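Trainee: Below is a structure I'd like to ask you about.
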Amino acid sequence: MIKSMRRPAPFIQRRHLAAMLVAAFFTLASTAPAFAKAPITLRAAADHTVQIGTAIGLPQLDNDPTYRALAGSQFNSVTPENAMKWDAIEPQRGVYTYAAADEIVAFARAHDQQVHGHTLVWHNQLPSWLTGGTFTAAELRAILRQHIISEVSHFRGKIYAWDVVNEPFNEDGTYRQTMWFQALGPSYIADALRWAHQADPQAKLYINDYNIEGINPKSTAMYNLVKSLRAQGVPVSGVGIQGHLGTQYGFPGDIAQNIQRFTHRLGVQVGITELDVRSILPVDATKLATQTDYYNRVVEACLADARCVNITVWGFTDKYSWVPSVFAGQGAADIYDENYVAKPAYFAILRDLLAARGH
Ligand code: G3I
């Protein structure tokens, strides 16, 4: 099925059919336990009309068979959660350690999944030789160039898209005062994109950020940046909308319009790169319903635009979510609980994917 066909006219009818398929799944699941694991997966439901992905963490991929089985069976795109970040890849200057990232790439290949590379230029998870060193601007630029060329070359041909620059903006749309910005000014962004393109001309190159789901000063700064880069011929091909939402906050209702200003007006792809919806614990029925609604609305907004090409959840099980360690007292953000029971949000996504395919 070609991608442009996934925006159906008789949407209501298709959604009915999708609901029937999901209902059939529930029936089978409740009456035939041996068959319950088999019938529908997210990736089968998507059927390549959109990439449905997850962040993948080590060591759980190695040590948790259920995690491994679901990661391989439910998704057709994976993003290494930490293994491609600078501290993992170049822990000492000029010493590159690719084993963990290579393992994820091999897992993806074995499961016919594409890989979304994450991330080349960020202000977090940098090695101490870099953050603790004293470098001139020219040295820092050379270090950045060397790192990008080395890493992207290593994975050349194996990465569908790279988050080349991660989280460059503050909430008010000004540039974040990172070590890169302070030393090099905003030119580090165009440089990073050009170097990545040089090392792997086929890879899509993204700028990725959070709190840019709706139209706001931060997403408008991203819009203006991408517009300016495109006007200069800088190879930027996509915008990553991370999608870290919370049920205690309102939903960014203009997400569809925001996606469309990037895809229609600027002609770049969009990916939902890190979707999760956390709650203040404990979770109750109301929070669960809000979570389902938020997942559903993000997925529908992406599916409504043929150039929104990837929906990736930032981990699929609460068992390994990053949320509780960063937001104390919050969690339950993922589409499976910590015992691998699929939540209503999982079935909402499944239903949306089937509907978009025309079922
Ligand atoms: O690998 C070390 C291990 O050696 C050490 O023993 C252990 C002790 O704390 O730490 C381990 O590193 C942790 C790493 O995850 C791997 O598990 C770090 O402490 C921890 O800070 C790190 O958290 C990651 C976080 O980014 C760091 O900024 C999360 O897993 C990861 O989900 C999160 O992902 C980010 C995206 O990259 C960008 N967007 C936001 C998103 C959520 O914060």
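Convention: chains lettered A, B, ... in structure tokens order; per-chain residue numbering from 1; ligands numbered from 1 as shown.
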Produce as an MDAnalysis selection string the set of residues near ligand 1, where near means within 10 Å with only C-alpha atoms and all ligand atoms considered.
Mentor: chainID A and resid 55:59 79:85 87:88 118:119 122:126 163 166:167 208:210 241:244 273:276 314:315 320:323 325:327
Trainee: Could you pull out the residues in segment 192-331 of chain A that DSSP calls strand (DSSP E) from the backbone, as an NGL selection string?
Mentor: :A and (204-209 or 238-241 or 244-246 or 269-280 or 308-313 or 330-331)
Trainee: Go through A:Ala192, A:Val226, A:Ile52, A:Ala142 and flag the residue nearest Val164 of chain A, using only C-alpha atoms for the distances.
Mentor: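 Selected residue with least distance to Val164 of chain A: A:Ala192.
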Trainee: Counting only C-alpha atoms, what is within 9 Å of segment 328-339 of chain A, bar same-chain residues fewer than 4 positions away, as a ChimeraX atom specification?
Mentor: /A:245-246,275-283,291-292,295,313-324,343-347
Trainee: Residues as selected, N, CA, C and O atoms, written as a short mmCIF file (atom, residue, chain, number, x, y, z; two decimals), in the first residue's frame, can you do that?
Mentor:
data_model
loop_
_atom_site.label_atom_id
_atom_site.label_comp_id
_atom_site.auth_asym_id
_atom_site.auth_seq_id
_atom_site.Cartn_x
_atom_site.Cartn_y
_atom_site.Cartn_z
N LEU A 245 4.78 13.62 27.02
CA LEU A 245 3.58 14.29 27.54
C LEU A 245 3.27 13.77 28.94
O LEU A 245 3.81 12.77 29.39
N GLY A 246 2.36 14.49 29.61
CA GLY A 246 1.94 14.08 30.95
C GLY A 246 0.45 14.29 31.12
O GLY A 246 -0.10 15.29 30.63
N LEU A 275 7.72 9.23 22.01
CA LEU A 275 6.39 9.39 22.61
C LEU A 275 6.23 8.61 23.93
O LEU A 275 6.53 7.41 23.99
N ASP A 276 5.79 9.28 24.95
CA ASP A 276 5.29 8.64 26.18
C ASP A 276 4.41 9.63 26.93
O ASP A 276 4.47 10.84 26.70
N VAL A 277 3.54 9.10 27.77
CA VAL A 277 2.57 9.94 28.50
C VAL A 277 2.59 9.51 29.96
O VAL A 277 2.01 8.50 30.35
N ARG A 278 3.29 10.30 30.76
CA ARG A 278 3.47 9.93 32.17
C ARG A 278 2.32 10.47 33.03
O ARG A 278 1.54 11.32 32.59
N SER A 279 2.25 9.96 34.26
CA SER A 279 1.25 10.43 35.22
C SER A 279 1.90 10.60 36.58
O SER A 279 2.92 9.96 36.89
N ILE A 280 1.26 11.43 37.40
CA ILE A 280 1.62 11.46 38.81
C ILE A 280 1.04 10.19 39.43
O ILE A 280 -0.16 9.90 39.25
N LEU A 281 1.88 9.41 40.09
CA LEU A 281 1.45 8.13 40.67
C LEU A 281 0.69 8.35 41.97
O LEU A 281 0.96 9.32 42.67
N PRO A 282 -0.27 7.49 42.32
CA PRO A 282 -0.67 6.31 41.57
C PRO A 282 -1.63 6.65 40.44
O PRO A 282 -2.31 7.67 40.48
N VAL A 283 -1.67 5.75 39.49
CA VAL A 283 -2.57 5.94 38.35
C VAL A 283 -3.98 5.50 38.73
O VAL A 283 -4.15 4.55 39.49
N GLN A 291 -4.38 9.23 29.45
CA GLN A 291 -3.20 8.71 28.76
C GLN A 291 -3.58 8.11 27.40
O GLN A 291 -2.93 8.38 26.38
N THR A 292 -4.61 7.31 27.39
CA THR A 292 -5.07 6.68 26.15
C THR A 292 -5.44 7.75 25.12
O THR A 292 -5.07 7.68 23.95
N TYR A 295 -2.18 9.48 23.76
CA TYR A 295 -1.51 8.62 22.76
C TYR A 295 -2.30 8.62 21.45
O TYR A 295 -1.75 8.76 20.36
N VAL A 313 7.73 5.09 20.38
CA VAL A 313 7.52 5.25 21.82
C VAL A 313 8.86 5.16 22.52
O VAL A 313 9.74 4.39 22.11
N TRP A 314 9.02 5.97 23.57
CA TRP A 314 10.34 6.03 24.23
C TRP A 314 10.41 4.96 25.32
O TRP A 314 10.34 5.22 26.50
N GLY A 315 10.54 3.73 24.81
CA GLY A 315 10.39 2.55 25.66
C GLY A 315 8.95 2.12 25.62
O GLY A 315 8.05 2.96 25.49
N PHE A 316 8.73 0.79 25.68
CA PHE A 316 7.34 0.32 25.57
C PHE A 316 6.81 -0.23 26.87
O PHE A 316 5.61 -0.45 27.00
N THR A 317 7.67 -0.46 27.86
CA THR A 317 7.19 -1.00 29.12
C THR A 317 7.62 -0.13 30.31
O THR A 317 8.77 0.33 30.36
N ASP A 318 6.70 0.03 31.24
CA ASP A 318 7.01 0.80 32.46
C ASP A 318 8.16 0.18 33.25
O ASP A 318 8.77 0.84 34.09
N LYS A 319 8.44 -1.08 32.96
CA LYS A 319 9.51 -1.78 33.70
C LYS A 319 10.85 -1.05 33.59
O LYS A 319 11.66 -1.08 34.52
N TYR A 320 11.10 -0.42 32.43
CA TYR A 320 12.41 0.21 32.22
C TYR A 320 12.30 1.69 31.86
O TYR A 320 13.24 2.26 31.31
N SER A 321 11.18 2.31 32.16
CA SER A 321 11.01 3.71 31.73
C SER A 321 12.01 4.64 32.43
O SER A 321 12.32 4.49 33.60
N TRP A 322 12.44 5.64 31.68
CA TRP A 322 13.34 6.67 32.21
C TRP A 322 12.62 7.60 33.19
O TRP A 322 13.26 8.31 33.96
N VAL A 323 11.28 7.61 33.16
CA VAL A 323 10.51 8.66 33.84
C VAL A 323 10.74 8.72 35.36
O VAL A 323 11.05 9.79 35.90
N PRO A 324 10.56 7.59 36.09
CA PRO A 324 10.63 7.72 37.57
C PRO A 324 11.95 8.26 38.09
O PRO A 324 11.99 8.91 39.13
N LYS A 343 -1.70 -1.85 27.76
CA LYS A 343 -2.68 -0.90 28.31
C LYS A 343 -3.67 -0.47 27.22
O LYS A 343 -3.44 -0.70 26.03
N PRO A 344 -4.72 0.22 27.62
CA PRO A 344 -5.66 0.74 26.60
C PRO A 344 -4.96 1.58 25.53
O PRO A 344 -5.38 1.57 24.37
N ALA A 345 -3.91 2.27 25.90
CA ALA A 345 -3.18 3.09 24.91
C ALA A 345 -2.62 2.22 23.79
O ALA A 345 -2.61 2.62 22.61
N TYR A 346 -2.16 1.03 24.15
CA TYR A 346 -1.65 0.10 23.13
C TYR A 346 -2.76 -0.19 22.11
O TYR A 346 -2.54 -0.13 20.89
N PHE A 347 -3.94 -0.51 22.61
CA PHE A 347 -5.04 -0.88 21.70
C PHE A 347 -5.55 0.33 20.92
O PHE A 347 -6.01 0.18 19.78
#
Trainee: Which residues, written as a list in words, have at least one atom at most 9 Å from Ala108 of chain A, with only C-alpha atoms counted and residues fewer than 3 positions away on the same chain left out?
Mentor: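 So, after excluding close chain neighbours, the residues are Gly72, Asn76, Ser77, Val78, Glu103, Ile104, Val105, His111, Asp112, Gln113, Gln114 and Val115 of chain A.
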Trainee: May I have the residues within 7 Å of Gly214 of chain A as a PyMOL selection string, using only C-alpha atoms and disregarding those fewer than 2 positions away in the same chain?
Mentor: chain A and resi 212+216+252-255+258
Trainee: Could you pull out the helix (DSSP H, G or I) residues of segment 77-324 of chain A, going by DSSP on the backbone, and write them as a ChimeraX atom specification?
Mentor: /A:86-89,99-110,128-131,137-154,179-184,187-199,217-231,255-266,285-303,318-320,323-324
Trainee: What does the distance between atom CA of Leu225 of chain A and atom CA of Gly117 of chain A come to in Å, to one decimal place?
Mentor: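 Distance between the two atoms: 21.2 Å.
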Trainee: Let me make sure I understand: among A:Trp195, A:Tyr206, A:Tyr249, A:Phe181, which one has the smallest atom-to-atom distance to Ala137 of chain A if we use only C-alpha atoms?
Mentor: A:Phe181
Trainee: Give me the residues near Gln146 of chain A as an mmCIF file with N, CA and C atoms, in the first residue's frame, where near means some atom within 12 Å (using only C-alpha atoms) and where sequence neighbours in that chain fewer than 3 positions away do not count.
Mentor:
data_model
loop_
_atom_site.group_PDB
_atom_site.id
_atom_site.type_symbol
_atom_site.label_atom_id
_atom_site.label_comp_id
_atom_site.auth_asym_id
_atom_site.auth_seq_id
_atom_site.Cartn_x
_atom_site.Cartn_y
_atom_site.Cartn_z
ATOM 1 N N TRP A 86 27.124 10.229 22.807
ATOM 2 C CA TRP A 86 28.569 10.483 22.745
ATOM 3 C C TRP A 86 29.337 9.738 23.845
ATOM 4 N N GLU A 90 32.202 7.434 22.300
ATOM 5 C CA GLU A 90 33.595 7.922 22.347
ATOM 6 C C GLU A 90 33.946 8.303 23.794
ATOM 7 N N ARG A 93 38.829 10.328 24.227
ATOM 8 C CA ARG A 93 39.016 11.028 22.955
ATOM 9 C C ARG A 93 39.657 10.114 21.910
ATOM 10 N N GLY A 94 38.966 9.961 20.812
ATOM 11 C CA GLY A 94 39.498 9.151 19.708
ATOM 12 C C GLY A 94 39.348 7.658 19.906
ATOM 13 N N VAL A 95 38.758 7.229 21.031
ATOM 14 C CA VAL A 95 38.528 5.792 21.281
ATOM 15 C C VAL A 95 37.039 5.521 21.108
ATOM 16 N N TYR A 96 36.719 4.771 20.085
ATOM 17 C CA TYR A 96 35.310 4.559 19.736
ATOM 18 C C TYR A 96 34.872 3.147 20.158
ATOM 19 N N LEU A 120 23.723 12.735 17.736
ATOM 20 C CA LEU A 120 25.110 13.128 17.479
ATOM 21 C C LEU A 120 25.557 14.352 18.265
ATOM 22 N N VAL A 121 24.729 15.369 18.350
ATOM 23 C CA VAL A 121 25.116 16.602 19.066
ATOM 24 C C VAL A 121 24.067 16.906 20.123
ATOM 25 N N GLU A 139 39.219 24.087 18.115
ATOM 26 C CA GLU A 139 39.424 22.693 18.542
ATOM 27 C C GLU A 139 38.083 21.976 18.748
ATOM 28 N N LEU A 140 37.160 22.702 19.370
ATOM 29 C CA LEU A 140 35.852 22.094 19.635
ATOM 30 C C LEU A 140 35.134 21.757 18.321
ATOM 31 N N ARG A 141 35.263 22.634 17.376
ATOM 32 C CA ARG A 141 34.640 22.387 16.073
ATOM 33 C C ARG A 141 35.271 21.157 15.407
ATOM 34 N N ALA A 142 36.576 21.037 15.518
ATOM 35 C CA ALA A 142 37.267 19.872 14.937
ATOM 36 C C ALA A 142 36.862 18.587 15.660
ATOM 37 N N ILE A 143 36.709 18.675 16.981
ATOM 38 C CA ILE A 143 36.278 17.505 17.756
ATOM 39 C C ILE A 143 34.877 17.075 17.325
ATOM 40 N N ILE A 149 31.702 12.562 11.834
ATOM 41 C CA ILE A 149 32.157 11.812 10.652
ATOM 42 C C ILE A 149 32.441 10.364 11.037
ATOM 43 N N SER A 150 33.088 10.160 12.187
ATOM 44 C CA SER A 150 33.445 8.796 12.598
ATOM 45 C C SER A 150 32.198 7.965 12.856
ATOM 46 N N GLU A 151 31.285 8.513 13.653
ATOM 47 C CA GLU A 151 30.116 7.711 14.044
ATOM 48 C C GLU A 151 29.195 7.457 12.850
ATOM 49 N N VAL A 152 28.926 8.485 12.089
ATOM 50 C CA VAL A 152 28.005 8.301 10.955
ATOM 51 C C VAL A 152 28.630 7.376 9.910
ATOM 52 N N SER A 153 29.940 7.479 9.710
ATOM 53 C CA SER A 153 30.613 6.582 8.766
ATOM 54 C C SER A 153 30.538 5.140 9.233
ATOM 55 N N ASP A 191 26.736 23.052 10.442
ATOM 56 C CA ASP A 191 27.971 22.254 10.286
ATOM 57 C C ASP A 191 27.694 20.778 10.553
ATOM 58 N N ALA A 192 26.996 20.505 11.673
ATOM 59 C CA ALA A 192 26.733 19.113 12.060
ATOM 60 C C ALA A 192 25.941 18.401 10.967
ATOM 61 N N TRP A 195 28.222 17.714 7.927
ATOM 62 C CA TRP A 195 29.177 16.619 8.158
ATOM 63 C C TRP A 195 28.464 15.265 8.154
ATOM 64 N N ALA A 196 27.304 15.221 8.756
ATOM 65 C CA ALA A 196 26.560 13.956 8.769
ATOM 66 C C ALA A 196 26.178 13.552 7.344
ATOM 67 N N GLN A 198 27.735 14.355 4.630
ATOM 68 C CA GLN A 198 28.969 13.941 3.953
ATOM 69 C C GLN A 198 29.286 12.475 4.281
ATOM 70 N N ALA A 199 29.053 12.075 5.520
ATOM 71 C CA ALA A 199 29.419 10.717 5.954
ATOM 72 C C ALA A 199 28.394 9.672 5.530
#
Trainee: Go through A:Gln60, A:Asn224, A:Asn310, A:Gln182 and flag the residue nearest Tyr160 of chain A, using only C-alpha atoms for the distances.
Mentor: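 That would be A:Asn310, the residue with the smallest distance to Tyr160 of chain A.
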